[in-house]
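**Student:** Here it is: the structure, laid out below.
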Amino acid sequence: MRRAIVLAQQASKADEVPIGAVLVRDNQLIAEGYNQSIALQDASAHAEINCIRQAGLKEKNYRLPETTLYATLEPCSMCAGALIHARIKRLVFAAYDEKAGAVCSVHQLLHSNPRQHRVDWRGGLFEMECAQLLSQFFKEKRAKR
């Protein structure tokens with residue numbers, strides 16, 4: 001999770017929403033990503049999606065079994081769907097997203113369909129640190145208006 005936080009800080013420095021993600025298997029880093037929607041002019045360029053894309057290319061497979069994704073914010077519905085389709089085994093996220101979280105806060109997509117792959121999850125790891133990073137980012141954005 002610490003690497004994901006560093007990536008979130010990197011996103012913030014690039015004036016992107018500060019969210020980072022890393023994917024590991026057997027305690028080995030496979031891929032990492034951070035939000036780049038503005039830089040890439042791509043609404044789907046969320047940290048988790050960028051990380052999953054990088055991992056798929058590296059592994060030469062769109063399926064990523066036996067992996068754990070660490071993210072600094074609870075994934076949205078798009079990212080939660082990508083976790084399911086990639087067959088990621090486990091998700092660990094920091095801050096809960098009360099506005100758009102699709103794991104437990106607004107929607108429960110990881111366990112909503114019993115016929116789909118189920119992703120185990122845990123939320124709240126480094127929650128305060130990551131929530132504060134997001135709050136500070138948006139506070140500074142509002143101050144610039």
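Ordering of the structure tokens sets the chain letters (A, B, ...); residue numbers start at 1 within each chain; ligands are numbered from 1 in the order shown.
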Please return as a ChimeraX atom specification: the residues of region 82-137 of chain A that backbone DSSP assigns to strand (DSSP E or B).
**Tutor:** /A:90-95,120-123
**Student:** Could you dump the residues just selected with all heavy atoms as a PDB file, in the first residue's frame?
**Tutor:**
ATOM      1  N   ARG A  90      -7.857 -10.745  -4.882  1.00  0.00           N
ATOM      2  CA  ARG A  90      -8.074  -9.964  -3.653  1.00  0.00           C
ATOM      3  C   ARG A  90      -7.848  -8.476  -3.916  1.00  0.00           C
ATOM      4  O   ARG A  90      -6.965  -8.095  -4.663  1.00  0.00           O
ATOM      5  CB  ARG A  90      -7.098 -10.455  -2.590  1.00  0.00           C
ATOM      6  CG  ARG A  90      -7.292  -9.837  -1.236  1.00  0.00           C
ATOM      7  CD  ARG A  90      -6.489 -10.644  -0.196  1.00  0.00           C
ATOM      8  NE  ARG A  90      -6.715 -10.086   1.119  1.00  0.00           N
ATOM      9  CZ  ARG A  90      -5.805  -9.406   1.811  1.00  0.00           C
ATOM     10  NH1 ARG A  90      -4.583  -9.241   1.336  1.00  0.00           N
ATOM     11  NH2 ARG A  90      -6.099  -8.928   2.991  1.00  0.00           N
ATOM     12  N   LEU A  91      -8.639  -7.656  -3.268  1.00  0.00           N
ATOM     13  CA  LEU A  91      -8.514  -6.199  -3.309  1.00  0.00           C
ATOM     14  C   LEU A  91      -8.311  -5.691  -1.890  1.00  0.00           C
ATOM     15  O   LEU A  91      -9.026  -6.103  -0.977  1.00  0.00           O
ATOM     16  CB  LEU A  91      -9.794  -5.589  -3.887  1.00  0.00           C
ATOM     17  CG  LEU A  91      -9.986  -4.079  -3.670  1.00  0.00           C
ATOM     18  CD1 LEU A  91      -8.984  -3.285  -4.492  1.00  0.00           C
ATOM     19  CD2 LEU A  91     -11.416  -3.681  -4.001  1.00  0.00           C
ATOM     20  N   VAL A  92      -7.343  -4.800  -1.728  1.00  0.00           N
ATOM     21  CA  VAL A  92      -7.151  -4.092  -0.464  1.00  0.00           C
ATOM     22  C   VAL A  92      -7.156  -2.609  -0.816  1.00  0.00           C
ATOM     23  O   VAL A  92      -6.360  -2.173  -1.651  1.00  0.00           O
ATOM     24  CB  VAL A  92      -5.816  -4.482   0.217  1.00  0.00           C
ATOM     25  CG1 VAL A  92      -5.644  -3.703   1.516  1.00  0.00           C
ATOM     26  CG2 VAL A  92      -5.751  -5.982   0.465  1.00  0.00           C
ATOM     27  N   PHE A  93      -8.068  -1.853  -0.207  1.00  0.00           N
ATOM     28  CA  PHE A  93      -8.096  -0.420  -0.487  1.00  0.00           C
ATOM     29  C   PHE A  93      -8.015   0.366   0.810  1.00  0.00           C
ATOM     30  O   PHE A  93      -8.284  -0.147   1.889  1.00  0.00           O
ATOM     31  CB  PHE A  93      -9.319  -0.024  -1.326  1.00  0.00           C
ATOM     32  CG  PHE A  93     -10.643  -0.223  -0.671  1.00  0.00           C
ATOM     33  CD1 PHE A  93     -11.195   0.762   0.136  1.00  0.00           C
ATOM     34  CD2 PHE A  93     -11.377  -1.386  -0.882  1.00  0.00           C
ATOM     35  CE1 PHE A  93     -12.443   0.593   0.736  1.00  0.00           C
ATOM     36  CE2 PHE A  93     -12.617  -1.566  -0.296  1.00  0.00           C
ATOM     37  CZ  PHE A  93     -13.151  -0.578   0.520  1.00  0.00           C
ATOM     38  N   ALA A  94      -7.651   1.623   0.667  1.00  0.00           N
ATOM     39  CA  ALA A  94      -7.450   2.499   1.828  1.00  0.00           C
ATOM     40  C   ALA A  94      -8.746   3.230   2.185  1.00  0.00           C
ATOM     41  O   ALA A  94      -9.482   2.808   3.061  1.00  0.00           O
ATOM     42  CB  ALA A  94      -6.312   3.482   1.557  1.00  0.00           C
ATOM     43  N   ALA A  95      -9.012   4.314   1.508  1.00  0.00           N
ATOM     44  CA  ALA A  95     -10.157   5.163   1.831  1.00  0.00           C
ATOM     45  C   ALA A  95     -11.438   4.643   1.178  1.00  0.00           C
ATOM     46  O   ALA A  95     -11.418   4.106   0.070  1.00  0.00           O
ATOM     47  CB  ALA A  95      -9.890   6.597   1.373  1.00  0.00           C
ATOM     48  N   ASP A 120     -12.239 -11.185  -3.151  1.00  0.00           N
ATOM     49  CA  ASP A 120     -12.184 -10.925  -1.713  1.00  0.00           C
ATOM     50  C   ASP A 120     -11.665  -9.508  -1.514  1.00  0.00           C
ATOM     51  O   ASP A 120     -10.833  -9.040  -2.303  1.00  0.00           O
ATOM     52  CB  ASP A 120     -11.251 -11.917  -1.016  1.00  0.00           C
ATOM     53  CG  ASP A 120     -11.757 -13.338  -1.088  1.00  0.00           C
ATOM     54  OD1 ASP A 120     -12.984 -13.549  -1.050  1.00  0.00           O
ATOM     55  OD2 ASP A 120     -10.920 -14.250  -1.193  1.00  0.00           O
ATOM     56  N   TRP A 121     -12.120  -8.844  -0.472  1.00  0.00           N
ATOM     57  CA  TRP A 121     -11.672  -7.462  -0.276  1.00  0.00           C
ATOM     58  C   TRP A 121     -11.563  -7.100   1.186  1.00  0.00           C
ATOM     59  O   TRP A 121     -12.182  -7.704   2.049  1.00  0.00           O
ATOM     60  CB  TRP A 121     -12.577  -6.479  -1.006  1.00  0.00           C
ATOM     61  CG  TRP A 121     -13.986  -6.445  -0.500  1.00  0.00           C
ATOM     62  CD1 TRP A 121     -15.023  -7.226  -0.900  1.00  0.00           C
ATOM     63  CD2 TRP A 121     -14.507  -5.571   0.520  1.00  0.00           C
ATOM     64  NE1 TRP A 121     -16.155  -6.895  -0.200  1.00  0.00           N
ATOM     65  CE2 TRP A 121     -15.871  -5.886   0.689  1.00  0.00           C
ATOM     66  CE3 TRP A 121     -13.950  -4.560   1.304  1.00  0.00           C
ATOM     67  CZ2 TRP A 121     -16.688  -5.219   1.586  1.00  0.00           C
ATOM     68  CZ3 TRP A 121     -14.768  -3.909   2.213  1.00  0.00           C
ATOM     69  CH2 TRP A 121     -16.109  -4.237   2.345  1.00  0.00           C
ATOM     70  N   ARG A 122     -10.768  -6.074   1.394  1.00  0.00           N
ATOM     71  CA  ARG A 122     -10.613  -5.460   2.711  1.00  0.00           C
ATOM     72  C   ARG A 122     -10.426  -3.963   2.494  1.00  0.00           C
ATOM     73  O   ARG A 122      -9.642  -3.547   1.643  1.00  0.00           O
ATOM     74  CB  ARG A 122      -9.376  -6.026   3.410  1.00  0.00           C
ATOM     75  CG  ARG A 122      -9.068  -5.308   4.718  1.00  0.00           C
ATOM     76  CD  ARG A 122      -7.811  -5.832   5.359  1.00  0.00           C
ATOM     77  NE  ARG A 122      -7.482  -4.969   6.491  1.00  0.00           N
ATOM     78  CZ  ARG A 122      -6.265  -4.777   6.918  1.00  0.00           C
ATOM     79  NH1 ARG A 122      -5.247  -5.360   6.342  1.00  0.00           N
ATOM     80  NH2 ARG A 122      -6.051  -3.975   7.939  1.00  0.00           N
ATOM     81  N   GLY A 123     -11.134  -3.158   3.253  1.00  0.00           N
ATOM     82  CA  GLY A 123     -10.999  -1.708   3.156  1.00  0.00           C
ATOM     83  C   GLY A 123     -10.442  -1.122   4.434  1.00  0.00           C
ATOM     84  O   GLY A 123     -10.487  -1.747   5.494  1.00  0.00           O
TER      85      GLY A 123
END
**Student:** Can you tell me, as number ranges by chain, what residues are no more than 9 Å from Ala131 (chain A) when counting only C-alpha atoms, ignoring any on the same chain fewer than 2 positions away?
**Tutor:** A: 72-73, 94-96, 126-129, 133-136
**Student:** Using only C-alpha atoms, determine which residues lie at most 12 Å from Tyr70 (chain A), disregarding the query and same-chain residues fewer than 6 positions distant; provide the list as a ChimeraX atom specification.
**Tutor:** /A:1-5,7-8,19-25,27,29-34,47-48,51-52,83,88-95,121-126
**Student:** Here is a test: counting only C-alpha atoms, which residue of A:Thr67, A:Ser77, A:Ser37, A:Gln9 is nearest to Asn50 (chain A)?
**Tutor:** A:Ser37
**Student:** Going by DSSP on the backbone, which bits of region 39-107 of chain A are alpha helix (DSSP H)? Write them as a count of residues only, please.
**Tutor:** 24
**Student:** Quick check, in Å to one decimal: how far apart do CA of Asp15 (chain A) and CA of Ala82 (chain A) lie?
**Tutor:** 24.5 Å
**Student:** What lies within 12 Å of Ser112 (chain A) using only C-alpha atoms, ignoring chain neighbours under 6 positions off, as a PDB file with N, CA, C and O atoms, in the first residue's frame?
**Tutor:**
ATOM      1  N   SER A  77     -17.363   1.735 -10.091  1.00  0.00           N
ATOM      2  CA  SER A  77     -17.995   0.600 -10.769  1.00  0.00           C
ATOM      3  C   SER A  77     -17.178   0.111 -11.964  1.00  0.00           C
ATOM      4  O   SER A  77     -17.077  -1.100 -12.189  1.00  0.00           O
ATOM      5  N   ALA A  80     -14.183  -1.776 -10.449  1.00  0.00           N
ATOM      6  CA  ALA A  80     -14.637  -3.014  -9.812  1.00  0.00           C
ATOM      7  C   ALA A  80     -14.953  -4.064 -10.877  1.00  0.00           C
ATOM      8  O   ALA A  80     -14.597  -5.237 -10.729  1.00  0.00           O
ATOM      9  N   GLY A  81     -15.575  -3.640 -11.954  1.00  0.00           N
ATOM     10  CA  GLY A  81     -15.851  -4.559 -13.063  1.00  0.00           C
ATOM     11  C   GLY A  81     -14.575  -5.112 -13.670  1.00  0.00           C
ATOM     12  O   GLY A  81     -14.493  -6.301 -13.997  1.00  0.00           O
ATOM     13  N   ILE A  84     -13.152  -7.913 -11.579  1.00  0.00           N
ATOM     14  CA  ILE A  84     -13.877  -9.165 -11.794  1.00  0.00           C
ATOM     15  C   ILE A  84     -13.430  -9.823 -13.093  1.00  0.00           C
ATOM     16  O   ILE A  84     -13.076 -11.006 -13.122  1.00  0.00           O
ATOM     17  N   ALA A 102     -17.812   1.297  -5.360  1.00  0.00           N
ATOM     18  CA  ALA A 102     -18.611   0.180  -5.877  1.00  0.00           C
ATOM     19  C   ALA A 102     -18.279  -1.156  -5.221  1.00  0.00           C
ATOM     20  O   ALA A 102     -18.698  -2.200  -5.700  1.00  0.00           O
ATOM     21  N   VAL A 103     -17.546  -1.107  -4.107  1.00  0.00           N
ATOM     22  CA  VAL A 103     -17.244  -2.330  -3.369  1.00  0.00           C
ATOM     23  C   VAL A 103     -18.209  -2.488  -2.206  1.00  0.00           C
ATOM     24  O   VAL A 103     -18.768  -3.557  -1.991  1.00  0.00           O
ATOM     25  N   CYS A 104     -18.429  -1.384  -1.463  1.00  0.00           N
ATOM     26  CA  CYS A 104     -19.329  -1.468  -0.308  1.00  0.00           C
ATOM     27  C   CYS A 104     -20.035  -0.155   0.013  1.00  0.00           C
ATOM     28  O   CYS A 104     -21.083  -0.183   0.644  1.00  0.00           O
ATOM     29  N   ARG A 118     -15.634 -13.926  -7.829  1.00  0.00           N
ATOM     30  CA  ARG A 118     -15.750 -13.146  -6.590  1.00  0.00           C
ATOM     31  C   ARG A 118     -14.370 -12.669  -6.164  1.00  0.00           C
ATOM     32  O   ARG A 118     -13.426 -13.457  -6.105  1.00  0.00           O
ATOM     33  N   VAL A 119     -14.280 -11.403  -5.878  1.00  0.00           N
ATOM     34  CA  VAL A 119     -13.035 -10.793  -5.418  1.00  0.00           C
ATOM     35  C   VAL A 119     -13.147 -10.590  -3.908  1.00  0.00           C
ATOM     36  O   VAL A 119     -14.059  -9.908  -3.433  1.00  0.00           O
TER      37      VAL A 119
END
